[in-house]
Structure formats: C-alpha cells, structure tokens
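As structure tokens, the structure follows; a few thoughts come after it.
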Amino acid sequence: MLFSLFSSSTVHLPNLITDLGLILVTAAIAVLVFRKLKQPLVLGYLVAGFLASTNFNFFPTVQDHHSIEVWAEIGVIILLFSLGLEFSFKKLLKVGGTASITALTQIFTMFILGYYAGKFMGWENMNCIFLGVILSISSTTIILKAFDELGVKAQKFAGNVIGALIVQDIVAILMMVLLSTIAVSQQFSGGELIMSLLKLFFFLSIWFISGIFFIPTLLRKLKQLFTDEMLLIISLALCLLMVIFAANVGFSPALGAFIMGSIIAETNEAEHIEHLVKPVKDLFGAIFFVSVGMLINPDTLVEYAFPVMILTLITIFGQSISSTIGTLLSGQPLKESIQTGMSLSQIGEFSFIIATLGSSLNVTSDFLYPIVVAVSAVTTFTTPFMIKFSTPTANFIERQLPKKWIKKIELYSANSQAIKTVSTWRIVLRAYLFQVILFSIIVFAIILISKNFLLPLMIDIPYGNMLAALLTLIVLAPFLWALSLKRIATEEVKELLKNKKYYGPIIVLVLLRIAIALFFIGMMLNNFFSPGIALLAFVVSIIIMMLFPKRINYLYHKIEDRFITNFNQRENTIKKINRNNLSPWDGHMANFVISAESDFVGKTLEEIKLREIIGINIAYIKRGDLHIYVPNKTEKLFPNDEISIIGTDEQVQIFSDFLNIHKQEIINNDETEIVLQQFEIENHWFEGKTIRESGLREKTKGLIVGIEHNGRRVLNPESNLILGKNDIVWVVGDKKLIQNFFKI
C-alpha cells in the first residue's frame, strides 16, 4: 500500500535536469579528487566526463546529448566573455613587439608542424588544416592556473607569457572566422578570405567604437543604482546581446562574447564584473569541459594511440622551441625566452572550441576531437612541471652554450630594446592613414544603418526620404568633418613644410581626405534620391556644412572627448607610470594586495622599511577609487590596499614571502559557542568584590551584562559595582569557559 502510494506520487524529471545534475555531480567529485592530487581542475573535468560518457556502462550517463551541447555552447560563451574581461583590446596595443613576435612565430611554426604532421599520418586536407590551428594556440586557463599555484605570476617572464596569450586569443578568434569560411567553401579562395577579413575588421571596429562610446558612459551614469545582482544581470545581458549581433552577421557567437568582454574591460567596473561573473564562468566552464570529456571514445584513443603520442611530443617540444625562438627574436634575454617558451607548451580551451567548430560544420573526421582532447590532457598534466623546471633548464643551457653566443644574444637583446627613431614623414603618413580608415568605417556604418533601418520607417511619410537624408547628414556631419578637414599631426606637418619637397605630398593627402568625404556624401544621397535630385542635394549639403563649421567642429570634439575619456577610464589610474623605462634592467612592476590579517596594516612606509630591508620601492597605492602615486614615507597601509612595487624577480619573490611571514595568526573559533547565561552567586568568595576584582572578564573572556540584586535589575553595570551573595548575574561569553569558571 505504502509502496504503491510512493510510486504514484513520483514525478518524472526532464532529461535536461537529470543530465545537468549528473554533470555537476561528476564535476564536483573531480574537483575534490584533483584538488587533493594538486592537479589542474580542467584535467579532472575531462576525466569525469570521460567516465560519465556512454562508453562506460557501470557509471550513470547522460540521456539527451543535444541539451548537453547547448549547455556546453553557453559555457564557451561565458568562458570567452571572461577572457575578454581579462584581456582587453587596449592591452593588445600595449603588449608590444615581444608578445606579438613570440605569439606569431609560435602560431606560424606550429601551424606548419601540425599541418604536415597530419599529412604524414595520411589525414585529409581539412583535418590537417584544423589540426595545425588547434596545435598553435596555448591554453590561457591552464597557464594562469599553473602560475597561481607555482607563485610565479609576479615574475618578469610571466608578463611576456600573458602578452603572448593575449595575441594568441585574438589570432584564435580570427582563425575561427577564417576556418568557418574555408569550411563552407571547401577551398582556399583568396577573394572570399579577403572579404571575410574585411568584413570581420569592419564589424570589429564598429562594435568596439560604439561599445566604448556608450557602455562605459552607461555604467558610470547608473553606478549609484547598481547592486551586485543588477550588475551581474546587465553584464551578462550585454554579453548575450553582442552574441546575437555576431551570430546575425555570420560570425561565431564566441566572437561576440569576447568582444563585449573586451569592451567592458575598459571600464572602472571591470574588476567588479569579473568577480561577479567568476562563479557563473566556473559553473558553465565545468559543464563545458565535462561535456568535452564525454566525447572521448576509448576505442578511438587505443586505435589512434600513435597519433596522440606524436602530436603530444610535437606540442610540448614544438611550442617550447618556437616560443623561445620568437621571444629571442623580439629581443628578450635567453633566460626569459626559455622560461616563456616552456610555459607555452600545451593546448587547451581554444583548441577544444576550434575542434568543436570543425565537428559542428561536419568538415573534420570523428577521430580528431578525442585525439585533441587526449593531447590536451597530457600537456595539461605536464605544464606545471615545464614551468617549474624552466629556470633550471635556462641556467643549464646558459652554462652549456659558448660564451661568445651568450654575448651575442645579450648584445642583440640590448640593441633591440633601445629606442627606435621613426621618421617625421612616416608619423604623418601613419596618422593620415589611421584617420581615413577609422572615420571611413564609421561613416560607412552610419550610412548602412540609415539605409536599412531609418529609410524603411520613413518611406511612406510625405518627404520621408528627404527627412531621413537630413537626419543622416546631421549625424554624419561631425565624422565627415573629422575625415576631411581635421588637422592631424600638426607639429610634424609644420616641420615637413619647412622642406619644399613635401609640399606636394601634403597637399595630395589633404585633397584625398576631402575627396573621400565627398564620395561618402554622394553615396549617402544616392541611397535616398534619384541621381538628379541627389546631385542637387549634394550641393546643398556641402553649402550647409560650410555655413556651420564651428558648430560641427564643436560636436565632433564633444564626441571625441567622450570616447577618449571612456577609452582611458581605467588607464588614467596608472598613466603616470611608464613601465617600459625599466626594460634595460631586470626590474619590473608587480602588484600585491595587503590582506586584513597583515601586521603591516596601520603602519607607515617608514616603519615597514621595505626599501632598506628588501631594496624595493612602492610606485603607487590603490585604495578603492583613490590612487596614491609615489607615496611618501608617512603614508599608511590599510586592509585590501593594492600596492605596485618595483624590483627584480628575486626581490619580488622575497617581498611575497615577506608578506606571508607578516600575516597575523588567525585563531580558529569554529568550536567556540558564544552564549548568554545567568548564574546565582553562591560562593562567598565573590561577596564584597567589584566586577573588576572578580576577574571574570579575564578568565572567561566574557562580560557581565546584567545583575539582579534584591529585586532591582541593572543592565550593563559599571565595573566598580560590588557583588553580593544570592545576586543573579547575566554573563555573555564562551559557554565552556563560563561554566568552568563558576564551577570552580
């Protein structure tokens, strides 16, 4: 009877919920086991997914693979959004030649090695292309995790590695777009690839420019209204909005997520949003990596054990050697080059995403995905050891190489880091080219939006096309003025005009800008009117723009100031510090946070004596929204202050250890139970003594908060109050200490 009643009340759960529960349970077990083994959690997720797949009957498995694919796709979006929050486009502009040369050398070398390794194993052309791209991208997640665990994130070579990872992430996004184009056309069509690149460049520029103009302003205006919940929802909404835009114009949704993350990374709320998004990223990241592990087929791994072994060796040694060579070519010392190269010797999340792309487009074979996952699992395991032994390896190689080679490398490094002069003409040409390209993109985008959205709304209104053209021209006017008439590189142009041979080229550049602006005006009007009326409107629009140059100039500078303010919102906090000035020496900057438990809290810099003890200097202190540049000796440190120090790798490591030593010991009060209890004074020892003389506070770590004496009650009595027999006292404090005290 009871069993039938229980059975009749059972509710059927959708497969989506049961599958998600299974994934999270396996992920939780993986976290516990691999944390105990001190191994990367990504590897644990892969193993958990592998065991929970349909290949093992003695473990529960998922029922609906399609729903898991949806969860995994959401995981990719959140992962790339988080990557964008950490590595903005502005950081890409600042990583300099070292990171760019390192990353591009590595990517080119590994693509060639991967492609021809696939050819050697007899794979089809599309498999070889995808394999080359997959092996060329290192894992940001795994490297940063290993850096944290090994405590080397503050060392100088880590900055080179992170810079190279930024470049790799951007190149990986571009590769995904190109691979999608190649997969659809099934051939290397030069025209299609160029069009795809131009289309990508156009949309990236528009998204980034408009995003920087609007989003930081929006977040700044609404800052007073934000709660953590609202900020999380708004940031994820912006992410998914950009995902939708990217998908609608034919790009990967992951690209949209990455772009929005990079835009938000330029705002003052970036760290806060990154902190709020982290639990969401961890959740969907776990789902993604577990789902990746579910796609591993053990039979395929056994069958393709030889390719897995070959590709693993190519990844470890190829990535290390190519990255080391690239870093050397960029002008870095031998030791840092080897440390950088050995840190980049793995593949990870982007490789999974690219392999998933090939599988979803049905252009790669089924065996490629599990092989890639297996290679990633092995290289994930070896990464901490490669980083750990990079310094001993560098020292060993330095001892083995001939001294004249070492001298040549040092001389090349010193010369490469010297300041390179750029000709005045090149500066002017670069400035004019940047101005023309940037504002041509903006003007073209506004015309497209007006043609496709504004004109259809007004086509049925009398004189609607004329009104639409007028509104479009008003919006375009500031940008057309900047494209054609704004002065660029004025000091350099004046210097060039002192030489008559530059008269002609400068005039040509000015006329070319004006001609391009006139072309866009004509193109815009041609979309709204017939050719005859468009010509008349063209003349009228030129006259209007000539009549109001000051107003147009004012509007443009207002727009430009807003954009520059938003673009430099975060960078203004550290703009007074030029990190590159320290490059000829081993000194660099590293950031630390003063914990609340540190006994540095409340002390002045003079009292701490960091310069005298360790030899480092504090460049600035960040305290919330307050930034203290080059603090003086009387400046105090407070909990959660972020300080930026200047020193060598050895000094930074010593300071890190110094911080840990000076953390105050935290007493574990988990077993302490604070209670409010009442007692009747029966012991004659208390009679005639004051509360202070009784020693109750010192011996129980408690307080007498109330006394009842002859029916009169006193709340929070003074310490000089005299206790009497049969008085009832209320004591708050540690339960065990109080009971023991009164027993005695």
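Ordering of the structure tokens sets the chain letters (A, B, ...), residue numbers begin anew at 1 in every chain, and ligands are numbered from 1 in the order given.
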Select from range 321-367 of chain A everything DSSP, run on the backbone, classes as alpha helix (DSSP H), then give the selection as a count of residues only.
-> 31
Excluding Ile107 in chain A and residues on its chain fewer than 2 positions from it, collect all residues at most 10 Å away from it, counting only C-alpha atoms, and give them as a list in words.
->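 Listing them by chain and then by number gives Ile101, Thr102, Ala103, Leu104, Thr105, Thr109, Met110, Phe111, Ile112, Leu113, Gly132, Val133, Ile134, Leu135, Ser136, Ile137, Ser138, Gln168, Val171, Ala172, Gln319, Ser322 and Ser323 of chain A.
As for CA of Lys501 in chain A and CA of Leu483 in chain A, they are spaced 24.8 Å apart.
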I'd like the neighbourhood of range 427-442 of chain A as a PDB file with all heavy atoms, in the first residue's frame, where a residue qualifies if any of its atoms comes within 8 Å (using only C-alpha atoms), though same-chain residues fewer than 4 positions away should be ignored.
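This went into around_32.pdb:
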```pdb
ATOM      1  N   PHE A 202      35.667  45.313 -40.285  1.00  0.00           N
ATOM      2  CA  PHE A 202      34.628  46.344 -40.260  1.00  0.00           C
ATOM      3  C   PHE A 202      33.755  46.207 -39.015  1.00  0.00           C
ATOM      4  O   PHE A 202      33.551  47.176 -38.271  1.00  0.00           O
ATOM      5  CB  PHE A 202      33.779  46.245 -41.528  1.00  0.00           C
ATOM      6  CG  PHE A 202      32.593  47.161 -41.541  1.00  0.00           C
ATOM      7  CD1 PHE A 202      32.744  48.518 -41.782  1.00  0.00           C
ATOM      8  CD2 PHE A 202      31.313  46.667 -41.301  1.00  0.00           C
ATOM      9  CE1 PHE A 202      31.650  49.367 -41.791  1.00  0.00           C
ATOM     10  CE2 PHE A 202      30.219  47.499 -41.304  1.00  0.00           C
ATOM     11  CZ  PHE A 202      30.389  48.856 -41.553  1.00  0.00           C
ATOM     12  N   SER A 205      35.585  46.868 -35.688  1.00  0.00           N
ATOM     13  CA  SER A 205      35.799  48.304 -35.477  1.00  0.00           C
ATOM     14  C   SER A 205      34.524  48.984 -34.999  1.00  0.00           C
ATOM     15  O   SER A 205      34.536  49.754 -34.029  1.00  0.00           O
ATOM     16  CB  SER A 205      36.297  48.957 -36.771  1.00  0.00           C
ATOM     17  OG  SER A 205      37.486  48.352 -37.221  1.00  0.00           O
ATOM     18  N   ILE A 206      33.409  48.700 -35.683  1.00  0.00           N
ATOM     19  CA  ILE A 206      32.137  49.334 -35.320  1.00  0.00           C
ATOM     20  C   ILE A 206      31.697  48.929 -33.921  1.00  0.00           C
ATOM     21  O   ILE A 206      31.294  49.762 -33.098  1.00  0.00           O
ATOM     22  CB  ILE A 206      31.053  48.993 -36.356  1.00  0.00           C
ATOM     23  CG1 ILE A 206      31.359  49.679 -37.682  1.00  0.00           C
ATOM     24  CG2 ILE A 206      29.674  49.402 -35.863  1.00  0.00           C
ATOM     25  CD1 ILE A 206      31.461  51.189 -37.598  1.00  0.00           C
ATOM     26  N   VAL A 422      61.592  57.084 -35.480  1.00  0.00           N
ATOM     27  CA  VAL A 422      60.694  56.964 -36.625  1.00  0.00           C
ATOM     28  C   VAL A 422      60.711  58.292 -37.367  1.00  0.00           C
ATOM     29  O   VAL A 422      60.624  59.356 -36.751  1.00  0.00           O
ATOM     30  CB  VAL A 422      59.260  56.623 -36.156  1.00  0.00           C
ATOM     31  CG1 VAL A 422      58.338  56.477 -37.365  1.00  0.00           C
ATOM     32  CG2 VAL A 422      59.270  55.350 -35.336  1.00  0.00           C
ATOM     33  N   SER A 423      60.800  58.251 -38.682  1.00  0.00           N
ATOM     34  CA  SER A 423      60.886  59.482 -39.467  1.00  0.00           C
ATOM     35  C   SER A 423      59.595  60.291 -39.330  1.00  0.00           C
ATOM     36  O   SER A 423      58.508  59.741 -39.134  1.00  0.00           O
ATOM     37  CB  SER A 423      61.147  59.151 -40.931  1.00  0.00           C
ATOM     38  OG  SER A 423      60.023  58.518 -41.498  1.00  0.00           O
ATOM     39  N   ILE A 446      27.249  54.198 -40.508  1.00  0.00           N
ATOM     40  CA  ILE A 446      26.068  55.054 -40.302  1.00  0.00           C
ATOM     41  C   ILE A 446      25.184  55.054 -41.547  1.00  0.00           C
ATOM     42  O   ILE A 446      23.949  54.995 -41.458  1.00  0.00           O
ATOM     43  CB  ILE A 446      26.505  56.484 -39.931  1.00  0.00           C
ATOM     44  CG1 ILE A 446      27.193  56.487 -38.561  1.00  0.00           C
ATOM     45  CG2 ILE A 446      25.307  57.436 -39.912  1.00  0.00           C
ATOM     46  CD1 ILE A 446      27.823  57.816 -38.191  1.00  0.00           C
ATOM     47  N   PHE A 479      31.621  63.482 -38.222  1.00  0.00           N
ATOM     48  CA  PHE A 479      32.595  62.483 -38.684  1.00  0.00           C
ATOM     49  C   PHE A 479      33.135  62.828 -40.072  1.00  0.00           C
ATOM     50  O   PHE A 479      34.303  62.563 -40.371  1.00  0.00           O
ATOM     51  CB  PHE A 479      31.948  61.097 -38.679  1.00  0.00           C
ATOM     52  CG  PHE A 479      31.381  60.708 -37.343  1.00  0.00           C
ATOM     53  CD1 PHE A 479      30.006  60.682 -37.127  1.00  0.00           C
ATOM     54  CD2 PHE A 479      32.212  60.396 -36.280  1.00  0.00           C
ATOM     55  CE1 PHE A 479      29.485  60.346 -35.893  1.00  0.00           C
ATOM     56  CE2 PHE A 479      31.708  60.055 -35.043  1.00  0.00           C
ATOM     57  CZ  PHE A 479      30.341  60.036 -34.847  1.00  0.00           C
ATOM     58  N   LEU A 480      32.275  63.417 -40.928  1.00  0.00           N
ATOM     59  CA  LEU A 480      32.753  63.871 -42.236  1.00  0.00           C
ATOM     60  C   LEU A 480      33.765  65.007 -42.075  1.00  0.00           C
ATOM     61  O   LEU A 480      34.759  65.076 -42.808  1.00  0.00           O
ATOM     62  CB  LEU A 480      31.570  64.333 -43.099  1.00  0.00           C
ATOM     63  CG  LEU A 480      30.645  63.226 -43.615  1.00  0.00           C
ATOM     64  CD1 LEU A 480      29.401  63.835 -44.261  1.00  0.00           C
ATOM     65  CD2 LEU A 480      31.369  62.327 -44.606  1.00  0.00           C
ATOM     66  N   ALA A 482      35.754  65.422 -39.451  1.00  0.00           N
ATOM     67  CA  ALA A 482      36.990  64.813 -38.965  1.00  0.00           C
ATOM     68  C   ALA A 482      37.724  64.079 -40.080  1.00  0.00           C
ATOM     69  O   ALA A 482      38.955  64.083 -40.135  1.00  0.00           O
ATOM     70  CB  ALA A 482      36.673  63.847 -37.824  1.00  0.00           C
ATOM     71  N   LEU A 483      36.959  63.453 -40.982  1.00  0.00           N
ATOM     72  CA  LEU A 483      37.562  62.724 -42.097  1.00  0.00           C
ATOM     73  C   LEU A 483      38.259  63.658 -43.071  1.00  0.00           C
ATOM     74  O   LEU A 483      39.342  63.346 -43.586  1.00  0.00           O
ATOM     75  CB  LEU A 483      36.477  61.913 -42.813  1.00  0.00           C
ATOM     76  CG  LEU A 483      36.876  61.195 -44.103  1.00  0.00           C
ATOM     77  CD1 LEU A 483      37.979  60.176 -43.836  1.00  0.00           C
ATOM     78  CD2 LEU A 483      35.665  60.514 -44.725  1.00  0.00           C
ATOM     79  N   ILE A 488      45.733  67.059 -38.484  1.00  0.00           N
ATOM     80  CA  ILE A 488      46.345  65.841 -37.943  1.00  0.00           C
ATOM     81  C   ILE A 488      47.848  66.050 -37.861  1.00  0.00           C
ATOM     82  O   ILE A 488      48.455  66.603 -38.784  1.00  0.00           O
ATOM     83  CB  ILE A 488      46.040  64.625 -38.846  1.00  0.00           C
ATOM     84  CG1 ILE A 488      44.538  64.495 -39.079  1.00  0.00           C
ATOM     85  CG2 ILE A 488      46.587  63.350 -38.241  1.00  0.00           C
ATOM     86  CD1 ILE A 488      44.187  63.481 -40.118  1.00  0.00           C
ATOM     87  N   ALA A 489      48.454  65.588 -36.768  1.00  0.00           N
ATOM     88  CA  ALA A 489      49.917  65.664 -36.581  1.00  0.00           C
ATOM     89  C   ALA A 489      50.426  67.055 -36.959  1.00  0.00           C
ATOM     90  O   ALA A 489      51.317  67.199 -37.798  1.00  0.00           O
ATOM     91  CB  ALA A 489      50.609  64.579 -37.398  1.00  0.00           C
ATOM     92  N   GLU A 492      54.272  67.859 -36.678  1.00  0.00           N
ATOM     93  CA  GLU A 492      55.071  67.142 -37.673  1.00  0.00           C
ATOM     94  C   GLU A 492      54.850  67.712 -39.075  1.00  0.00           C
ATOM     95  O   GLU A 492      55.789  67.809 -39.876  1.00  0.00           O
ATOM     96  CB  GLU A 492      54.725  65.648 -37.656  1.00  0.00           C
ATOM     97  CG  GLU A 492      55.211  64.891 -36.440  1.00  0.00           C
ATOM     98  CD  GLU A 492      54.316  65.070 -35.227  1.00  0.00           C
ATOM     99  OE1 GLU A 492      53.286  65.778 -35.345  1.00  0.00           O
ATOM    100  OE2 GLU A 492      54.657  64.536 -34.155  1.00  0.00           O
ATOM    101  N   VAL A 493      53.593  68.097 -39.388  1.00  0.00           N
ATOM    102  CA  VAL A 493      53.309  68.682 -40.701  1.00  0.00           C
ATOM    103  C   VAL A 493      54.046  70.012 -40.870  1.00  0.00           C
ATOM    104  O   VAL A 493      54.616  70.297 -41.931  1.00  0.00           O
ATOM    105  CB  VAL A 493      51.787  68.871 -40.891  1.00  0.00           C
ATOM    106  CG1 VAL A 493      51.502  69.692 -42.141  1.00  0.00           C
ATOM    107  CG2 VAL A 493      51.096  67.526 -40.983  1.00  0.00           C
ATOM    108  N   LEU A 509      47.579  64.503 -49.748  1.00  0.00           N
ATOM    109  CA  LEU A 509      46.912  63.850 -48.612  1.00  0.00           C
ATOM    110  C   LEU A 509      45.658  64.609 -48.197  1.00  0.00           C
ATOM    111  O   LEU A 509      44.612  64.005 -47.908  1.00  0.00           O
ATOM    112  CB  LEU A 509      47.882  63.743 -47.431  1.00  0.00           C
ATOM    113  CG  LEU A 509      49.034  62.738 -47.559  1.00  0.00           C
ATOM    114  CD1 LEU A 509      49.936  62.815 -46.338  1.00  0.00           C
ATOM    115  CD2 LEU A 509      48.505  61.321 -47.719  1.00  0.00           C
ATOM    116  N   ARG A 513      41.664  63.232 -48.589  1.00  0.00           N
ATOM    117  CA  ARG A 513      40.700  63.150 -47.492  1.00  0.00           C
ATOM    118  C   ARG A 513      39.390  63.846 -47.861  1.00  0.00           C
ATOM    119  O   ARG A 513      38.299  63.325 -47.579  1.00  0.00           O
ATOM    120  CB  ARG A 513      41.285  63.780 -46.230  1.00  0.00           C
ATOM    121  CG  ARG A 513      42.431  62.993 -45.596  1.00  0.00           C
ATOM    122  CD  ARG A 513      43.066  63.784 -44.473  1.00  0.00           C
ATOM    123  NE  ARG A 513      42.084  64.131 -43.464  1.00  0.00           N
ATOM    124  CZ  ARG A 513      42.271  65.096 -42.557  1.00  0.00           C
ATOM    125  NH1 ARG A 513      43.376  65.816 -42.572  1.00  0.00           N
ATOM    126  NH2 ARG A 513      41.341  65.352 -41.667  1.00  0.00           N
TER     127      ARG A 513
END
```
Find the residue from A:Ile162, A:Ala286, A:Ala517, A:Ala590 that sits nearest to Val25 in chain A; use only C-alpha atoms when measuring.
->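 Closest to Val25 in chain A, using only C-alpha atoms: A:Ala286.
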Work out how far CA of Pro631 in chain A is from CA of Asn617 in chain A, in Å to one decimal.
-> 9.7 Å
For CA of Ile449 in chain A and CA of Leu471 in chain A, quote the distance in Å rounded to one decimal.
-> 12.1 Å
Please provide the set of residues having any atom within 12 Å of range 41-44 of chain A, restricted to only C-alpha atoms, with same-chain residues fewer than 5 positions apart removed, written as a PyMOL selection string.
-> chain A and resi 26-36+49-51+139-143+145-146+149+282+285-293+347-349+352+373-383
